[in-house]
Amino acid sequence: MSLAAETMIQLDNVTRAFGNTLAVDDVSFHVDAGEVLGFIGPNGAGKTTSMRILSTLDTPTSGEAWVDGFSVVDDPDRVRERMGWMPDGFGTYPNINCEEYLDFFARSYGLRGKNRLRAIKNVMGFTQLNQLSKKPISGLSKGMKQRLCLGRALIHNPKVLILDEPAAGLDPRARIELREMILELANEGKSLLISSHILSELAEVCDRVAIIEKGKLLAIGSVESLLNNESRESAGKGVSQLEVKFVSDPSVVNKWFNSREDIEVVSTTSDSILFNYEACHKKQSELLTELVNSKIEVFEFTEKQTSLEDVFLSVTRGVVQ
Amino acid sequence: MTEETSAIEKVRLSGERVESDLMPSRLGSKLDGILEPMSDWFSSILIKEARQAFRSRQFVWTYILQLILVAAWTAIGFSLFQRELGTSLLLGYFIILGFPLAVIIPFSGYRSLAREFDDGTISLISITTMKPRQIIFGKLGSALIQLVMYLSVLAPCISFTYLLQGISIWRILLGLLVSVGGSIFLTIFGLFLAGSFRSRNLGVGVSVVFSIALSFAYFFWIGFCFAMSESSFSRYGSEESLTVAGFVLFFGSTALLLLASVVAQISFPSDNRSTLIRVMLLIQQTLFFGWIGHLLCMESFMDGVPTVILLVVGHYWLGMGFLMCGESTNLSRRVRRSLPRSLPGRLFYSLFMPGAGRGFLFALANVWAAFLIVWFLAIFEQTLFSWEWQGDRTRNKFLIGSFAWQDEFIGMLICVGFVSWYLSLVFLFNRYLLRRFDWDSEGGYGPVISLVFGATLVAFISILSFVIEGAFQSGSFGASVASFFNWYTMSFESSLNLNFFVFVFVFVIQAAFITIYAVLRASDDLLLVAVETPERVLIERLPAKKNTLPVGESIDEIFGELPVRPPGSEDAN
């Protein structure tokens with residue numbers, strides 16, 4: 001098996017079975033150096049299992065997984081030198097502070113003397129934990145713990161980072177900071193595999209996205225290509241999703257929309273309505289004119305842009321259920 | 001880059017100051033500057049655990065309580081005990097010392113590893129470059145440090161009692177040996193339990209049972225202290241010394257076996273998790289026979305002793321063999337890389353490799369080796385005692401050709417035969433399951449299932465034959481066909497009413513056939529084919545560790561075929 005030098009993570013037909021259940025079913029993908037791959041899927045889709053296999057915490061039932069050209073099954077020790085893993089849960093130790101926590105993992109990765117101290121310094125600087133170095137871990141906020149966890153994964157300066165739901169439970173500010181850190185790491189040439197439920201976050205940091213459900217990889221590609229495909233698919237069907245915001249009586253608006261056979265209402269609120277209509281912009285313009293002529297006071301009329309959520313829903317709907 | 005990124009850069013720059021803060025030389029403490037580099041020699045687990053342990057309330061309170069109790073006992077002792085002051089004080093000191101050593105430290109060791117599984121932190125440390133044995137030895141080392149701390153409170157007091165009348169140095173050493181050795185053994189046992197029962201729910205039950213067991217161990221320790229205070233234990237060579245030596249060898253080798261087991265339990269699935277355990281099994285058997293041999297030099301065998309030895313060894317290998325028969329048959333590529341390439345190497349070393357067939361043959365080989373050793377020891381003993389006690393020949397039961405010798409010999413042979421039969425049945429049963437249901441022990445439960453099945457089989461056949469025998473023979477055992485399947489009856493009553501030819505036809509032939517068939521089936525597993533180590537691994541391994549080439553690969557082959565990176569051109573991780 002020879003791999004291109006740039007390929008840092010590779011899964012070849014990986015399957016992981018637990019009894020009769022296939023947690024991961026014949027999944028193949030790769031991540032190049034400096035690339036960020038988003039791993040999307042609902043709970044139980046097989047994301048964490050795939051990541052655990054790559055992190056040398058589990059072995060595939062069949063297939064091969066490689067990190068920087070080393071098999072995760074046959075050479076886990078070499079994979080571990082190159083890989084940092086941040087799980088979705090945060091394991092803490094009582095009676096030690098942040099600095100001691102990082103010191104412990106630095107020593108565990110074989111860092112000695114000044115190299116160890118330098119690694120701790122770098123990580124604390126990067127994760128902005130300087131002021132909290134002597135603080136017990138039990139006293140940290142969720143966001144700070146996530147930073148510390150990221151710092152632990154980075155302590156031995158790995159080439160590959162595997163982050164399982166890194167933004168889960170974080171407030172918006174912490175999410176932004178985490179996103180910046182991820183981008184920074186990618187700019188340094190590290191390869192990242194990130195799983196998340198927050199698809200908008202992934203869209204902003206990932207070069208490519210892989211969608212997995214029920215253990216099967218349903219789609220993989222750059223965010224742009226997936227969005228374009230979705231847009232083209234919608235355009236091919238001649239349908240766009242439009243949103244109208246209004247100040248009129250909602251019952252009157254709903255009655256007007258429901259009376260139209262060429263409109264498929266998706267959802268309504270007290271001041272907005274989401275519906276499917278023809279993709280043709282001229283037709284949409286005519287619809288707006290009709291709305292205004294019908295005395296409905298419209299203050300916003302927008303064509304909804306295709307998002308990663310739409311792609312995800314479109315790809316997963318009815319494919320593997 | 002956004003403004004936030006700039007902020008990160010700023011913080012990273014400010015990190016330069018943090019580096020200087022973290023550098024021990026800038027802390028203003030010369031001592032830290034000296035100790036910090038020295039700490040690199042210690043296991044990271046040991047340092048972390050020591051930090052945690054010494055900050056825990058449990059340690060602080062136990063330590064303070066120990067200090068108070070020692071001071072109180074010393075004061076009470078001097079005021080109450082005029083006669084045998086030293087013995088009374090020593091007894092009290094050992095009882096005080098026993099509590100942290102027998103209860104606190106082992107339970108802390110157990111909880112330390114169990115908490116890693118509960119909190120999921122075992123995953124975090126498993127993916128570091130630490131080896132599993134470093135993790136376990138780190139935990140054990142932390143327990144030893146605590147032990148030294150607790151011992152430091154009592155050491156001056158115990159030393160002081162030696163200056164008083166009536167205390168021999170042997171008694172003090174025995175007390176320390178048993179307390180420290182017992183504490184280490186219990187801690188290792190605690191680690192083994194934590195590694196074996198990882199489920200949180202199961203762990204609660206195990207915690208309760210283990211803490212109760214530790215309480216009993218402490219009460220046993222108190223009883224031992226009283227017995228020791230009244231004992232005349234004084235010199236090496238006495239019965240007590242031999243008993244102590246036997247206990248030390250048994251518990252020492254068992255501790256090594258448990259350590260090897262718990263290391264295997266937390267090892268990566270593709271690692272070789274069996275060879276070390278098998279080596280430890282072999283060491284334990286060797287020590288056992290060494291001890292028996294030593295006993296022989298001092299005492300003569302009595303009637304039935306060789307059969308009892310074989311029964312003990314037989315049960316040992318039966319249990320271990322059942323576990324090994326449940327191992328996964330798959331041998332990972334990682335393990336196959338380390339296989340020897342020469343034929344003798346493959347034949348011998350293969351038995352130590354993981355796998356049900358190899359495990360079955362390993363157990364079988366050992367139990368037959370045990371039979372030969374006991375036979376040899378019996379002949380040796382007969383010769384030895386013939387020389388020494390010419391006038392006391394009646395004690396020698398192993399004179400070749402005598403009825404007694406035949407009786408013992410057949411008893412031993414029956415014992416080994418039954419072990420071989422049971423092992424073969426369980427091995428073939430596991431093979432059948434694997435073929436029929438595509439069942440494999442990759443989940444880690446194979447050995448346990450195999451052990452449970454094997455133990456049930458032995459119990460069922462023995463009890464059934466016993467019941468049938470009792471029902472039809474009105475309590476006269478050892479004479480019917482049913483009794484032929486009872487290992488225990490046959491081993492001890494082989495000469496009583498035994499119709500030898502019927503026994504051969506009913507039991508021996510089928511047992512021999514099953515055993516030979518199982519051996520032939522298992523022999524397939526000895527034909528292991530080594531796989532080549534990937535070039536990338538070889539290249540990377542060379543600059544760092546030139547002396548650890550894979551077995552069977554010469555350095556010329558590697559240098560001749562592969563480009564070698566100069567040192568320093570490795571990936572800078």
# chains A, B, ... in the order shown; residues from 1 in each chain; ligands from 1
$ residues_around --residues "Gly326 of chain B" --least-positions-apart "3" --cutoff "8 Å" --atoms "only C-alpha atoms" --output "list in words"
Phe322, Leu323, Ala356, Phe427, Asn430, Ser441, Gly446, Pro447, Val448, Ile449, Ser450 and Leu451 of chain B
$ residues_around --residues "segment 290-306 of chain A" --least-positions-apart "4" --cutoff "6 Å" --atoms "only C-alpha atoms" --output "PyMOL selection string"
chain A and resi 241-248
$ closest_residue --among "A:Phe18, A:Trp256, A:Phe29, A:Phe39" --to "chain B" --atoms "only C-alpha atoms"
A:Phe18
$ residues_around --residues "Ser274 of chain B" --least-positions-apart "5" --cutoff "9 Å" --atoms "only C-alpha atoms" --output "list in words"
Ala260, Ser261, Ala264, Val279, Met324, Glu327, Phe352, Met353, Pro354, Gly355 and Gly359 of chain B
$ write_last_selection --atoms "C-alpha atoms" --output "mmCIF file, in the first residue's frame"
data_model
loop_
_atom_site.group_PDB
_atom_site.id
_atom_site.type_symbol
_atom_site.label_atom_id
_atom_site.label_comp_id
_atom_site.auth_asym_id
_atom_site.auth_seq_id
_atom_site.Cartn_x
_atom_site.Cartn_y
_atom_site.Cartn_z
ATOM 1 C CA ALA B 260 0.930 -9.218 33.007
ATOM 2 C CA SER B 261 -2.830 -9.804 32.789
ATOM 3 C CA ALA B 264 -2.709 -7.233 28.480
ATOM 4 C CA VAL B 279 6.012 -16.594 30.274
ATOM 5 C CA MET B 324 -6.166 -19.780 26.458
ATOM 6 C CA GLU B 327 -8.335 -16.680 22.720
ATOM 7 C CA PHE B 352 4.003 -18.549 23.379
ATOM 8 C CA MET B 353 2.115 -16.660 20.693
ATOM 9 C CA PRO B 354 -1.568 -15.704 21.065
ATOM 10 C CA GLY B 355 -4.216 -18.041 19.743
ATOM 11 C CA GLY B 359 -2.628 -21.880 23.985
#
$ interface_residues --of "chain A" --to "chain B" --cutoff "6 Å" --atoms "only C-alpha atoms" --output "number ranges by chain"
A: 74, 80, 91, 95, 104, 107-109, 112-113, 121, 125-126, 157
$ residues_around --residues "Leu129 of chain A" --least-positions-apart "4" --cutoff "10 Å" --atoms "only C-alpha atoms" --output "list in words"
Cys98, Glu99, Lys121, Val123, Met124, Gly125, Ser133, Lys134, Lys135, Met144, Lys145, Arg147, Leu148 and Gly151 of chain A; Val11 and Gly15 of chain B
$ atom_distance --atom1 "atom CA of Phe460 of chain B" --atom2 "atom CA of Phe371 of chain B"
25.3 Å
$ select_by_dssp --residues "segment 72-197 of chain A" --states "strand (DSSP E or B)" --output "VMD selection string"
chain A and resid 83 to 86 97 136 160 to 164 191 to 195
$ write_last_selection --atoms "C-alpha atoms" --output "compact mmCIF listing (two decimals), in the first residue's frame"
# COMPACT_ATOMS: atom_id res chain seq x y z
CA MET A 83 -2.18 12.25 15.85
CA GLY A 84 -4.01 14.34 18.40
CA TRP A 85 -7.52 13.38 19.44
CA MET A 86 -10.11 15.50 21.16
CA ASN A 97 -4.42 22.15 37.73
CA PRO A 136 -7.84 23.41 39.20
CA VAL A 160 -3.16 15.21 12.31
CA LEU A 161 -5.96 16.37 14.57
CA ILE A 162 -9.19 14.52 15.09
CA LEU A 163 -11.81 16.62 16.83
CA ASP A 164 -15.07 15.01 17.86
CA SER A 191 -4.79 18.00 8.76
CA LEU A 192 -8.04 18.11 10.66
CA LEU A 193 -11.00 15.80 10.78
CA ILE A 194 -13.86 17.47 12.61
CA SER A 195 -17.26 16.13 13.42
$ residues_around --residues "Trp421 of chain B" --least-positions-apart "6" --cutoff "9 Å" --atoms "only C-alpha atoms" --output "number ranges by chain"
B: 511-512, 514-515
$ residues_around --residues "segment 516-521 of chain B" --least-positions-apart "5" --cutoff "9 Å" --atoms "only C-alpha atoms" --output "JSON list (two decimals) with C-alpha atoms, in the first residue's frame"
[["chain", "number", "residue", "atom", "x", "y", "z"],
["B", 357, "GLY", "CA", -4.60, -23.68, 19.31],
["B", 360, "PHE", "CA", -4.11, -25.37, 24.09],
["B", 361, "LEU", "CA", -0.79, -26.93, 23.10],
["B", 423, "LEU", "CA", -8.63, -29.35, 27.58],
["B", 424, "SER", "CA", -9.15, -31.14, 24.28],
["B", 425, "LEU", "CA", -12.93, -31.13, 24.67],
["B", 427, "PHE", "CA", -10.60, -26.61, 22.60],
["B", 428, "LEU", "CA", -12.67, -28.60, 20.09],
["B", 511, "ALA", "CA", -9.73, -39.77, 25.62]]
$ atom_distance --atom1 "atom CA of Leu287 of chain B" --atom2 "atom CA of Phe247 of chain B"
11.2 Å
$ atom_distance --atom1 "atom CA of Gly221 of chain A" --atom2 "atom CA of Val311 of chain A"
11.4 Å
$ residues_around --residues "Phe99 of chain B" --least-positions-apart "2" --cutoff "12 Å" --atoms "only C-alpha atoms" --output "ChimeraX atom specification"
/B:62-63,65-66,69,92-97,101-107,147,150-151,179-180,182-183,214-222
$ write_last_selection --atoms "N, CA and C atoms" --output "compact mmCIF listing (two decimals), in the first residue's frame"
# COMPACT_ATOMS: atom_id res chain seq x y z
N THR B 62 -5.61 10.06 56.65
CA THR B 62 -5.05 8.77 57.07
C THR B 62 -3.68 8.97 57.69
N TYR B 63 -2.90 9.84 57.08
CA TYR B 63 -1.54 10.09 57.57
C TYR B 63 -1.59 10.71 58.97
N LEU B 65 -4.08 10.60 61.10
CA LEU B 65 -4.63 9.62 62.03
C LEU B 65 -3.58 8.60 62.45
N GLN B 66 -2.77 8.22 61.49
CA GLN B 66 -1.71 7.26 61.78
C GLN B 66 -0.70 7.84 62.79
N LEU B 69 -2.36 7.86 66.22
CA LEU B 69 -2.46 6.52 66.80
C LEU B 69 -1.10 6.00 67.26
N GLY B 92 1.19 -3.54 68.33
CA GLY B 92 0.34 -2.37 68.08
C GLY B 92 0.76 -1.60 66.85
N TYR B 93 2.08 -1.43 66.70
CA TYR B 93 2.57 -0.68 65.53
C TYR B 93 2.19 -1.38 64.23
N PHE B 94 2.34 -2.69 64.25
CA PHE B 94 2.02 -3.43 63.02
C PHE B 94 0.52 -3.36 62.72
N ILE B 95 -0.28 -3.39 63.77
CA ILE B 95 -1.74 -3.30 63.54
C ILE B 95 -2.11 -1.92 62.99
N ILE B 96 -1.45 -0.89 63.52
CA ILE B 96 -1.71 0.48 63.01
C ILE B 96 -1.25 0.59 61.56
N LEU B 97 -0.07 0.04 61.29
CA LEU B 97 0.48 0.11 59.93
C LEU B 97 -0.39 -0.68 58.94
N LEU B 101 -1.96 -0.01 54.83
CA LEU B 101 -1.30 -0.92 53.87
C LEU B 101 -2.25 -1.97 53.32
N ALA B 102 -3.14 -2.44 54.15
CA ALA B 102 -4.03 -3.52 53.70
C ALA B 102 -5.33 -3.00 53.10
N VAL B 103 -5.74 -1.80 53.47
CA VAL B 103 -7.04 -1.31 53.01
C VAL B 103 -6.90 -0.07 52.12
N ILE B 104 -6.27 0.97 52.66
CA ILE B 104 -6.26 2.27 51.96
C ILE B 104 -5.50 2.19 50.63
N ILE B 105 -4.28 1.70 50.68
CA ILE B 105 -3.44 1.71 49.47
C ILE B 105 -4.02 0.80 48.37
N PRO B 106 -4.38 -0.45 48.69
CA PRO B 106 -4.95 -1.30 47.62
C PRO B 106 -6.23 -0.71 47.03
N PHE B 107 -7.08 -0.15 47.90
CA PHE B 107 -8.33 0.40 47.37
C PHE B 107 -8.06 1.66 46.53
N LEU B 147 2.93 3.99 50.17
CA LEU B 147 3.32 2.97 51.14
C LEU B 147 4.56 3.44 51.92
N TYR B 150 3.53 6.08 54.45
CA TYR B 150 2.91 5.52 55.66
C TYR B 150 3.94 4.77 56.51
N LEU B 151 4.84 4.10 55.82
CA LEU B 151 5.86 3.33 56.53
C LEU B 151 6.81 4.27 57.27
N SER B 179 3.64 -7.35 55.55
CA SER B 179 2.79 -6.16 55.42
C SER B 179 3.05 -5.44 54.09
N VAL B 180 4.33 -5.23 53.78
CA VAL B 180 4.65 -4.52 52.52
C VAL B 180 4.32 -5.40 51.32
N GLY B 182 2.26 -7.91 51.20
CA GLY B 182 0.81 -8.08 51.12
C GLY B 182 0.14 -6.86 50.53
N SER B 183 0.61 -5.70 50.93
CA SER B 183 0.03 -4.45 50.41
C SER B 183 0.24 -4.35 48.90
N LEU B 214 -10.89 -6.50 51.48
CA LEU B 214 -9.74 -5.82 52.09
C LEU B 214 -9.90 -5.75 53.61
N SER B 215 -11.14 -5.56 54.06
CA SER B 215 -11.38 -5.56 55.50
C SER B 215 -11.00 -6.91 56.11
N PHE B 216 -11.40 -7.97 55.39
CA PHE B 216 -11.02 -9.32 55.87
C PHE B 216 -9.50 -9.48 55.87
N ALA B 217 -8.88 -8.93 54.83
CA ALA B 217 -7.41 -9.02 54.75
C ALA B 217 -6.79 -8.32 55.96
N TYR B 218 -7.41 -7.21 56.37
CA TYR B 218 -6.88 -6.49 57.53
C TYR B 218 -7.07 -7.30 58.81
N PHE B 219 -8.24 -7.94 58.93
CA PHE B 219 -8.45 -8.78 60.11
C PHE B 219 -7.50 -9.97 60.11
N PHE B 220 -7.26 -10.50 58.92
CA PHE B 220 -6.28 -11.59 58.81
C PHE B 220 -4.91 -11.09 59.26
N TRP B 221 -4.60 -9.87 58.86
CA TRP B 221 -3.32 -9.27 59.22
C TRP B 221 -3.20 -9.12 60.75
N ILE B 222 -4.29 -8.71 61.38
CA ILE B 222 -4.27 -8.57 62.84
C ILE B 222 -4.02 -9.95 63.49
$ closest_residue --among "A:Asn13, A:Val252, A:Ser240, A:Val36" --to "Ser222 of chain A" --atoms "only C-alpha atoms"
A:Val36
